[in-house]
>>> print(open('start.cif').read())   # mmCIF, C-alpha atoms
data_work
#
loop_
_atom_site.group_PDB
_atom_site.id
_atom_site.type_symbol
_atom_site.label_atom_id
_atom_site.label_comp_id
_atom_site.auth_asym_id
_atom_site.auth_seq_id
_atom_site.Cartn_x
_atom_site.Cartn_y
_atom_site.Cartn_z
ATOM 1 C CA MET N 1 183.231 97.421 -154.535
ATOM 2 C CA LYS N 2 183.139 95.945 -151.018
ATOM 3 C CA LYS N 3 182.991 98.299 -148.063
ATOM 4 C CA ILE N 4 185.171 97.211 -145.148
ATOM 5 C CA LEU N 5 185.528 98.843 -141.738
ATOM 6 C CA ILE N 6 188.610 97.760 -139.792
ATOM 7 C CA ILE N 7 188.395 98.316 -136.029
ATOM 8 C CA ILE N 8 191.720 98.048 -134.214
ATOM 9 C CA ASN N 9 192.316 97.671 -130.494
ATOM 10 C CA ARG N 10 194.990 100.259 -129.621
ATOM 11 C CA LYS N 11 196.689 97.750 -127.333
ATOM 12 C CA ALA N 12 198.228 96.388 -130.510
ATOM 13 C CA GLY N 13 201.077 98.933 -130.087
ATOM 14 C CA THR N 14 202.604 101.547 -132.425
ATOM 15 C CA ASN N 15 204.917 99.215 -134.363
ATOM 16 C CA ARG N 16 202.158 96.706 -134.920
ATOM 17 C CA GLN N 17 199.841 99.479 -136.150
ATOM 18 C CA LYS N 18 202.403 100.441 -138.812
ATOM 19 C CA LEU N 19 202.657 96.788 -139.794
ATOM 20 C CA LEU N 20 198.871 96.552 -140.025
ATOM 21 C CA ASP N 21 198.733 99.579 -142.340
ATOM 22 C CA ALA N 22 201.112 97.834 -144.745
ATOM 23 C CA HIS N 23 199.093 94.604 -144.639
ATOM 24 C CA ILE N 24 195.820 96.488 -145.229
ATOM 25 C CA ALA N 25 197.208 98.308 -148.280
ATOM 26 C CA ARG N 26 198.466 95.026 -149.747
ATOM 27 C CA HIS N 27 195.361 92.886 -149.192
ATOM 28 C CA PHE N 28 192.636 95.496 -149.752
ATOM 29 C CA PRO N 29 193.684 97.570 -152.822
ATOM 30 C CA GLU N 30 191.765 100.787 -153.438
ATOM 31 C CA ASN N 31 190.507 99.644 -156.836
ATOM 32 C CA ALA N 32 188.618 96.727 -155.269
ATOM 33 C CA PHE N 33 187.755 97.804 -151.715
ATOM 34 C CA HIS N 34 186.549 100.868 -149.875
ATOM 35 C CA VAL N 35 188.365 100.584 -146.546
ATOM 36 C CA GLU N 36 188.075 102.695 -143.411
ATOM 37 C CA THR N 37 190.240 102.157 -140.336
ATOM 38 C CA VAL N 38 189.331 103.260 -136.814
ATOM 39 C CA TYR N 39 190.731 102.627 -133.336
ATOM 40 C CA LEU N 40 188.881 101.711 -130.168
ATOM 41 C CA ALA N 41 188.814 104.713 -127.863
ATOM 42 C CA TYR N 42 186.588 103.720 -124.920
ATOM 43 C CA MET N 43 184.676 100.829 -123.403
ATOM 44 C CA GLY N 44 181.759 99.993 -125.693
ATOM 45 C CA HIS N 45 183.218 101.910 -128.631
ATOM 46 C CA GLY N 46 183.415 98.733 -130.731
ATOM 47 C CA GLU N 47 179.682 98.157 -130.424
ATOM 48 C CA ASP N 48 178.941 101.770 -131.367
ATOM 49 C CA LEU N 49 181.243 101.615 -134.403
ATOM 50 C CA ALA N 50 179.775 98.309 -135.557
ATOM 51 C CA LYS N 51 176.197 99.597 -135.304
ATOM 52 C CA ASP N 52 177.188 102.662 -137.326
ATOM 53 C CA ALA N 53 178.810 100.413 -139.945
ATOM 54 C CA VAL N 54 175.555 98.440 -140.279
ATOM 55 C CA THR N 55 173.637 101.699 -140.771
ATOM 56 C CA ARG N 56 176.154 102.769 -143.451
ATOM 57 C CA HIS N 57 175.799 99.407 -145.238
ATOM 58 C CA PHE N 58 179.337 98.115 -144.812
ATOM 59 C CA ASP N 59 179.793 94.562 -146.084
ATOM 60 C CA ILE N 60 182.378 93.518 -143.494
ATOM 61 C CA VAL N 61 183.563 94.816 -140.131
ATOM 62 C CA VAL N 62 186.990 93.468 -139.212
ATOM 63 C CA ALA N 63 187.858 93.117 -135.521
ATOM 64 C CA VAL N 64 191.600 93.413 -134.893
ATOM 65 C CA GLY N 65 192.319 92.287 -131.342
ATOM 66 C CA GLY N 66 191.466 89.593 -128.826
ATOM 67 C CA ASP N 67 188.277 87.848 -127.761
ATOM 68 C CA GLY N 68 187.121 90.836 -125.693
ATOM 69 C CA SER N 69 187.328 93.245 -128.644
ATOM 70 C CA ILE N 70 185.643 90.712 -130.933
ATOM 71 C CA ASN N 71 182.802 90.265 -128.438
ATOM 72 C CA GLU N 72 182.252 94.030 -128.213
ATOM 73 C CA ILE N 73 182.132 94.471 -131.990
ATOM 74 C CA ALA N 74 179.863 91.440 -132.441
ATOM 75 C CA ARG N 75 177.253 93.081 -130.200
ATOM 76 C CA GLY N 76 176.817 95.792 -132.816
ATOM 77 C CA LEU N 77 176.619 93.351 -135.747
ATOM 78 C CA ARG N 78 174.214 90.803 -134.250
ATOM 79 C CA GLY N 79 171.104 90.330 -136.364
ATOM 80 C CA SER N 80 172.488 92.254 -139.359
ATOM 81 C CA LYS N 81 173.777 91.247 -142.794
ATOM 82 C CA THR N 82 177.155 92.875 -142.127
ATOM 83 C CA ALA N 83 179.730 90.131 -141.609
ATOM 84 C CA LEU N 84 182.391 89.917 -138.914
ATOM 85 C CA GLY N 85 185.996 89.399 -140.006
ATOM 86 C CA ILE N 86 188.669 88.542 -137.452
ATOM 87 C CA ILE N 87 192.354 89.409 -137.256
ATOM 88 C CA PRO N 88 193.339 87.678 -133.986
ATOM 89 C CA LEU N 89 195.853 89.726 -132.001
ATOM 90 C CA GLY N 90 194.854 88.694 -128.493
ATOM 91 C CA SER N 91 196.452 86.288 -126.041
ATOM 92 C CA GLY N 92 194.226 83.220 -126.060
ATOM 93 C CA ASN N 93 192.346 83.907 -129.339
ATOM 94 C CA GLY N 94 189.734 81.298 -128.429
ATOM 95 C CA LEU N 95 187.145 82.134 -131.087
ATOM 96 C CA ALA N 96 189.692 82.475 -133.892
ATOM 97 C CA ARG N 97 191.200 79.094 -133.020
ATOM 98 C CA ALA N 98 187.757 77.481 -132.875
ATOM 99 C CA LEU N 99 186.872 78.921 -136.295
ATOM 100 C CA LYS N 100 190.287 77.896 -137.704
ATOM 101 C CA ILE N 101 191.158 81.506 -138.496
ATOM 102 C CA PRO N 102 194.941 81.856 -138.975
ATOM 103 C CA LEU N 103 196.862 83.620 -136.219
ATOM 104 C CA ASN N 104 199.191 85.015 -138.876
ATOM 105 C CA ILE N 105 198.100 88.550 -139.915
ATOM 106 C CA ASP N 106 198.716 88.038 -143.636
ATOM 107 C CA LYS N 107 196.822 84.753 -143.757
ATOM 108 C CA ALA N 108 193.955 86.121 -141.666
ATOM 109 C CA MET N 109 193.545 89.076 -144.058
ATOM 110 C CA GLU N 110 193.721 86.755 -147.043
ATOM 111 C CA LEU N 111 190.882 84.729 -145.500
ATOM 112 C CA ILE N 112 188.729 87.859 -145.242
ATOM 113 C CA VAL N 113 189.184 88.365 -148.988
ATOM 114 C CA THR N 114 188.677 84.728 -150.041
ATOM 115 C CA GLY N 115 186.346 83.428 -147.321
ATOM 116 C CA ARG N 116 182.573 83.515 -147.051
ATOM 117 C CA PRO N 117 180.054 84.710 -144.453
ATOM 118 C CA ARG N 118 178.438 81.935 -142.449
ATOM 119 C CA PRO N 119 175.712 82.423 -139.799
ATOM 120 C CA MET N 120 176.990 81.441 -136.341
ATOM 121 C CA ASP N 121 175.155 81.014 -133.062
ATOM 122 C CA VAL N 122 175.325 83.648 -130.348
ATOM 123 C CA GLY N 123 174.766 83.043 -126.636
ATOM 124 C CA PHE N 124 173.485 85.238 -123.841
ATOM 125 C CA ALA N 125 174.135 84.932 -120.113
ATOM 126 C CA ASN N 126 171.261 87.043 -118.806
ATOM 127 C CA GLU N 127 171.850 90.229 -120.853
ATOM 128 C CA HIS N 128 175.538 89.575 -121.641
ATOM 129 C CA LEU N 129 176.393 88.357 -125.165
ATOM 130 C CA PHE N 130 179.035 85.652 -125.588
ATOM 131 C CA LEU N 131 180.489 83.932 -128.635
ATOM 132 C CA SER N 132 182.782 81.235 -127.224
ATOM 133 C CA ASN N 133 181.720 80.422 -123.665
ATOM 134 C CA ALA N 134 180.361 81.720 -120.388
ATOM 135 C CA GLY N 135 180.880 80.327 -116.926
ATOM 136 C CA LEU N 136 180.003 80.607 -113.258
ATOM 137 C CA GLY N 137 182.651 78.354 -111.758
ATOM 138 C CA PHE N 138 186.399 78.607 -111.257
ATOM 139 C CA ASP N 139 186.882 80.112 -114.734
ATOM 140 C CA ALA N 140 184.720 83.065 -113.689
ATOM 141 C CA LYS N 141 186.738 83.512 -110.487
ATOM 142 C CA VAL N 142 189.990 83.547 -112.477
ATOM 143 C CA ALA N 143 188.526 86.055 -114.968
ATOM 144 C CA GLU N 144 187.544 88.345 -112.085
ATOM 145 C CA GLU N 145 191.038 88.214 -110.571
ATOM 146 C CA PHE N 146 192.822 88.306 -113.952
ATOM 147 C CA ARG N 147 191.403 91.706 -114.840
ATOM 148 C CA HIS N 148 193.341 93.218 -111.923
ATOM 149 C CA THR N 149 196.738 91.847 -112.982
ATOM 150 C CA LYS N 150 199.253 93.323 -115.412
ATOM 151 C CA HIS N 151 200.650 89.928 -116.413
ATOM 152 C CA ARG N 152 199.006 88.760 -119.653
ATOM 153 C CA GLY N 153 199.442 85.728 -121.879
ATOM 154 C CA LEU N 154 199.483 82.054 -120.968
ATOM 155 C CA TYR N 155 202.031 82.454 -118.164
ATOM 156 C CA GLY N 156 200.016 85.211 -116.483
ATOM 157 C CA TYR N 157 196.822 83.202 -116.783
ATOM 158 C CA ALA N 158 198.426 80.022 -115.405
ATOM 159 C CA SER N 159 199.844 81.972 -112.458
ATOM 160 C CA GLN N 160 196.404 83.368 -111.690
ATOM 161 C CA VAL N 161 194.864 79.875 -111.841
ATOM 162 C CA ILE N 162 197.268 78.608 -109.179
ATOM 163 C CA LYS N 163 196.797 81.700 -107.011
ATOM 164 C CA SER N 164 192.983 81.615 -107.226
ATOM 165 C CA PHE N 165 192.732 77.892 -106.519
ATOM 166 C CA ARG N 166 193.936 78.298 -102.936
ATOM 167 C CA ASN N 167 190.862 80.192 -101.756
ATOM 168 C CA TYR N 168 188.233 78.871 -104.160
ATOM 169 C CA ARG N 169 184.930 77.778 -102.599
ATOM 170 C CA TYR N 170 182.885 75.113 -104.383
ATOM 171 C CA LEU N 171 179.230 76.075 -104.703
ATOM 172 C CA PRO N 172 176.216 73.784 -105.017
ATOM 173 C CA TYR N 173 174.307 74.449 -108.245
ATOM 174 C CA HIS N 174 170.749 73.787 -109.348
ATOM 175 C CA ILE N 175 170.817 73.424 -113.131
ATOM 176 C CA GLU N 176 167.979 73.118 -115.609
ATOM 177 C CA ILE N 177 168.860 72.356 -119.220
ATOM 178 C CA ASP N 178 165.966 71.927 -121.664
ATOM 179 C CA GLY N 179 163.780 70.610 -118.828
ATOM 180 C CA LYS N 180 166.413 68.253 -117.347
ATOM 181 C CA THR N 181 167.374 69.000 -113.715
ATOM 182 C CA ILE N 182 170.868 68.538 -112.284
ATOM 183 C CA GLU N 183 171.978 69.159 -108.691
ATOM 184 C CA GLU N 184 175.775 69.215 -108.389
ATOM 185 C CA PRO N 185 178.672 71.104 -106.830
ATOM 186 C CA ALA N 186 181.232 72.065 -109.470
ATOM 187 C CA PHE N 187 184.772 73.278 -110.044
ATOM 188 C CA LEU N 188 184.022 74.350 -113.620
ATOM 189 C CA LEU N 189 180.489 75.084 -114.771
ATOM 190 C CA THR N 190 180.802 76.406 -118.291
ATOM 191 C CA ILE N 191 178.302 76.922 -121.099
ATOM 192 C CA ALA N 192 180.246 76.382 -124.310
ATOM 193 C CA ASN N 193 179.156 77.767 -127.667
ATOM 194 C CA SER N 194 182.525 76.987 -129.299
ATOM 195 C CA ASN N 195 185.020 74.310 -128.363
ATOM 196 C CA GLN N 196 187.605 76.135 -126.254
ATOM 197 C CA PHE N 197 188.655 78.835 -123.786
ATOM 198 C CA GLY N 198 191.745 79.813 -125.802
ATOM 199 C CA PHE N 199 195.388 78.725 -126.049
ATOM 200 C CA GLU N 200 193.885 75.443 -127.450
ATOM 201 C CA PHE N 201 192.475 74.456 -124.027
ATOM 202 C CA LYS N 202 189.217 72.685 -124.867
ATOM 203 C CA LEU N 203 186.180 71.631 -122.854
ATOM 204 C CA ALA N 204 183.830 69.994 -125.352
ATOM 205 C CA ALA N 205 186.158 69.348 -128.286
ATOM 206 C CA ASP N 206 183.320 68.767 -130.755
ATOM 207 C CA ALA N 207 181.303 71.852 -129.769
ATOM 208 C CA THR N 208 180.717 74.251 -132.655
ATOM 209 C CA VAL N 209 179.125 77.659 -133.122
ATOM 210 C CA PHE N 210 177.141 76.287 -136.073
ATOM 211 C CA ASP N 211 175.104 73.472 -134.434
ATOM 212 C CA GLY N 212 172.253 75.405 -132.781
ATOM 213 C CA GLN N 213 172.955 74.160 -129.260
ATOM 214 C CA PHE N 214 175.030 74.763 -126.146
ATOM 215 C CA ASP N 215 177.429 72.280 -124.575
ATOM 216 C CA LEU N 216 177.169 72.381 -120.773
ATOM 217 C CA CYS N 217 180.471 71.288 -119.242
ATOM 218 C CA LEU N 218 180.499 70.419 -115.532
ATOM 219 C CA VAL N 219 183.745 69.464 -113.795
ATOM 220 C CA ARG N 220 183.218 68.224 -110.245
ATOM 221 C CA PRO N 221 185.390 69.496 -107.356
ATOM 222 C CA ILE N 222 189.055 68.521 -107.709
ATOM 223 C CA SER N 223 192.204 68.645 -105.601
ATOM 224 C CA PHE N 224 195.160 70.886 -106.364
ATOM 225 C CA TRP N 225 197.125 67.877 -107.631
ATOM 226 C CA GLN N 226 194.421 67.151 -110.191
ATOM 227 C CA LEU N 227 194.887 70.548 -111.858
ATOM 228 C CA ALA N 228 197.781 69.279 -113.984
ATOM 229 C CA PRO N 229 196.033 66.169 -115.423
ATOM 230 C CA LEU N 230 192.835 68.175 -115.911
ATOM 231 C CA SER N 231 194.769 70.811 -117.881
ATOM 232 C CA PHE N 232 196.581 68.143 -119.884
ATOM 233 C CA HIS N 233 193.340 66.451 -120.960
ATOM 234 C CA SER N 234 191.863 69.862 -121.815
ATOM 235 C CA LEU N 235 194.858 70.717 -123.986
ATOM 236 C CA MET N 236 194.679 67.316 -125.695
ATOM 237 C CA GLY N 237 190.969 67.850 -126.405
ATOM 238 C CA ASN N 238 189.727 64.697 -124.675
ATOM 239 C CA LEU N 239 188.496 66.088 -121.339
ATOM 240 C CA GLU N 240 184.891 65.043 -121.961
ATOM 241 C CA LYS N 241 186.057 61.421 -122.276
ATOM 242 C CA THR N 242 187.504 61.413 -118.748
ATOM 243 C CA ASP N 243 185.878 61.064 -115.338
ATOM 244 C CA PHE N 244 186.582 64.744 -114.655
ATOM 245 C CA MET N 245 183.706 66.097 -116.739
ATOM 246 C CA GLN N 246 179.981 65.623 -117.254
ATOM 247 C CA HIS N 247 178.728 66.809 -120.630
ATOM 248 C CA TYR N 248 175.196 67.862 -121.637
ATOM 249 C CA THR N 249 173.705 69.655 -124.638
ATOM 250 C CA GLY N 250 170.714 71.972 -124.964
ATOM 251 C CA ARG N 251 169.499 75.409 -126.018
ATOM 252 C CA THR N 252 168.278 76.944 -122.754
ATOM 253 C CA VAL N 253 170.069 76.657 -119.417
ATOM 254 C CA THR N 254 169.141 78.149 -116.051
ATOM 255 C CA ILE N 255 171.570 77.950 -113.137
ATOM 256 C CA ASN N 256 170.728 78.826 -109.552
ATOM 257 C CA SER N 257 172.896 79.054 -106.457
ATOM 258 C CA GLU N 258 172.477 81.050 -103.269
ATOM 259 C CA GLN N 259 176.072 82.256 -103.358
ATOM 260 C CA LEU N 260 176.872 83.131 -106.971
ATOM 261 C CA GLU N 261 179.875 85.466 -107.030
ATOM 262 C CA CYS N 262 181.303 85.747 -110.543
ATOM 263 C CA LEU N 263 180.278 85.421 -114.183
ATOM 264 C CA GLN N 264 182.615 85.391 -117.170
ATOM 265 C CA VAL N 265 181.691 85.802 -120.820
ATOM 266 C CA ASP N 266 184.380 85.133 -123.441
ATOM 267 C CA GLY N 267 187.004 85.334 -120.701
ATOM 268 C CA ASP N 268 185.958 88.720 -119.303
ATOM 269 C CA ALA N 269 184.360 89.147 -115.876
ATOM 270 C CA VAL N 270 180.961 90.873 -115.987
ATOM 271 C CA PRO N 271 178.581 91.927 -113.188
ATOM 272 C CA LEU N 272 175.806 89.615 -112.044
ATOM 273 C CA SER N 273 172.477 91.427 -112.398
ATOM 274 C CA ASN N 274 170.767 88.694 -110.382
ATOM 275 C CA ASP N 275 172.977 87.245 -107.666
ATOM 276 C CA GLN N 276 171.169 83.903 -107.434
ATOM 277 C CA GLN N 277 170.258 82.950 -111.023
ATOM 278 C CA VAL N 278 171.695 83.165 -114.511
ATOM 279 C CA THR N 279 169.752 82.179 -117.631
ATOM 280 C CA PHE N 280 171.674 81.180 -120.745
ATOM 281 C CA ARG N 281 169.862 81.361 -124.066
ATOM 282 C CA LEU N 282 170.924 80.730 -127.634
ATOM 283 C CA GLU N 283 170.224 82.784 -130.755
ATOM 284 C CA PRO N 284 170.995 80.416 -133.650
ATOM 285 C CA GLY N 285 172.640 81.970 -136.704
ATOM 286 C CA ALA N 286 172.460 85.512 -135.288
ATOM 287 C CA LEU N 287 175.901 86.665 -136.468
ATOM 288 C CA GLN N 288 177.522 86.454 -139.896
ATOM 289 C CA VAL N 289 181.212 85.519 -139.577
ATOM 290 C CA ILE N 290 183.858 85.180 -142.309
ATOM 291 C CA VAL N 291 185.325 81.663 -142.425
ATOM 292 C CA ALA N 292 187.147 79.578 -145.020
ATOM 293 C CA GLU N 293 185.188 78.333 -148.037
#
>>> encode(input="start.cif", output="structure tokens")
Amino acid sequence: MKKILIIINRKAGTNRQKLLDAHIARHFPENAFHVETVYLAYMGHGEDLAKDAVTRHFDIVVAVGGDGSINEIARGLRGSKTALGIIPLGSGNGLARALKIPLNIDKAMELIVTGRPRPMDVGFANEHLFLSNAGLGFDAKVAEEFRHTKHRGLYGYASQVIKSFRNYRYLPYHIEIDGKTIEEPAFLLTIANSNQFGFEFKLAADATVFDGQFDLCLVRPISFWQLAPLSFHSLMGNLEKTDFMQHYTGRTVTINSEQLECLQVDGDAVPLSNDQQVTFRLEPGALQVIVAE
């Protein structure tokens, strides 16, 4: 009998919680699964619950929520045999989309039953774990501002992009990637582990969490009027084929700048422990994740 812990972000809402209970009963019958359901109660609770689940020998921990909740729970599962299952209920759902996990609740639960664990790569930006991407450029600035707004979803994010662009300052960066040195100013400077931010907006369309390397995506400074074509090419998945972006691959990246302000990991702003340098490192195959056979 498989042991499954389901961790739900309370932001899902009361009606959705009732719907989830019905889905859980249907897909995980008591004669085949031992299921426990808990709700996130405080910042870092997901990591604590996941670590406890590893200690109690659960087979699967299911994260029900968005990329932020998934990131938190993954911190507690990293390096263990307990697999991560995903029920994507966030806005962008970047990791779920990259892993081809259905956004439909029923189909996502069915995948947890029929899928298989596969070891995926995990990244670190200094001490901060990330699964999809981390960045120091405009994406980090937007993440910092976005956490103060009440408007969520694609519309809220797009509005914040336009608002933040007005006062954005381009920084010069010194980049070292597997011994190669790059000196460039940048609009976007993103270390991609998977292929997208979310909402199907892609940087390196062929990037994958299973290849043992990062994709460094550098977009040079642009004008306001170039935002629309840049976004279009990102949505179409061919940005790396345009003149907007320079693309590199590697396993260790160090980025220096005298005026670093913001860092985002999986879309969430996090504090910079060193205000002039960030080191990105990869842990290949450090997390078991449930994907389709």
>>> resolve_selection(input="start.cif", expression="the PyMOL selection byres ((chain N and resi 110-114) around 8)", output="list in words")
His27, Phe28, Gly85, Ile86, Ile101, Asp106, Lys107, Ala108, Met109, Gly115, Arg116, Ile290, Val291, Ala292 and Glu293 of chain N
>>> resolve_selection(input="start.cif", expression="the PyMOL selection byres ((chain N and resi 173) around 12)", output="PyMOL selection string")
chain N and resi 136-137+170-172+174-176+181-189+218+220+254-260+276-278
>>> closest_residue(input="start.cif", among="N:Leu235, N:Val62, N:Leu287, N:Ile8", to="Pro119 of chain N", atoms="only C-alpha atoms")
N:Leu287
>>> residues_around(input="start.cif", residues="segment 207-213 of chain N", least_positions_apart="3", cutoff="12 Å", atoms="all atoms listed in the file", output="PyMOL selection string")
chain N and resi 95-100+118-123+130-133+177-178+191-197+202-204+216-217+237+240+247-253+280-289+291
>>> closest_residue(input="start.cif", among="N:Ala125, N:Ile24, N:Ile4, N:Val265", to="Ile70 of chain N", atoms="all atoms listed in the file")
N:Val265
>>> atom_distance(input="start.cif", atom1="atom CA of Glu36 of chain N", atom2="atom CA of Ser91 of chain N")
25.3 Å
>>> atom_distance(input="start.cif", atom1="atom CA of Glu144 of chain N", atom2="atom CA of Ser69 of chain N")
17.3 Å
>>> axis_aligned_box(input="start.cif", around="segment 268-278 of chain N", padding_each_side="6 Å", output="JSON")
{"center_x": 178.1, "center_y": 87.4, "center_z": -113.4, "size_x": 27.7, "size_y": 21.0, "size_z": 23.9}
>>> closest_residue(input="start.cif", among="N:Asp215, N:Asp21, N:Asp59, N:Asp48", to="Leu5 of chain N", atoms="all atoms listed in the file")
N:Asp59
>>> resolve_selection(input="start.cif", expression="the PyMOL selection byres ((chain N and resi 43) around 12)", output="PyMOL selection string")
chain N and resi 9+39-42+44-49+68-69+71-73
>>> atom_distance(input="start.cif", atom1="atom CA of Ala158 of chain N", atom2="atom CA of Glu127 of chain N")
29.0 Å
>>> residues_near_point(input="start.cif", point="(184.0, 92.3, -138.9)", cutoff="6 Å", atoms="all atoms listed in the file", output="JSON list (two decimals) with C-alpha atoms, in the frame of the given file")
[["chain", "number", "residue", "atom", "x", "y", "z"],
["N", 60, "ILE", "CA", 182.38, 93.52, -143.49],
["N", 61, "VAL", "CA", 183.56, 94.82, -140.13],
["N", 62, "VAL", "CA", 186.99, 93.47, -139.21],
["N", 63, "ALA", "CA", 187.86, 93.12, -135.52],
["N", 83, "ALA", "CA", 179.73, 90.13, -141.61],
["N", 84, "LEU", "CA", 182.39, 89.92, -138.91],
["N", 85, "GLY", "CA", 186.00, 89.40, -140.01]]
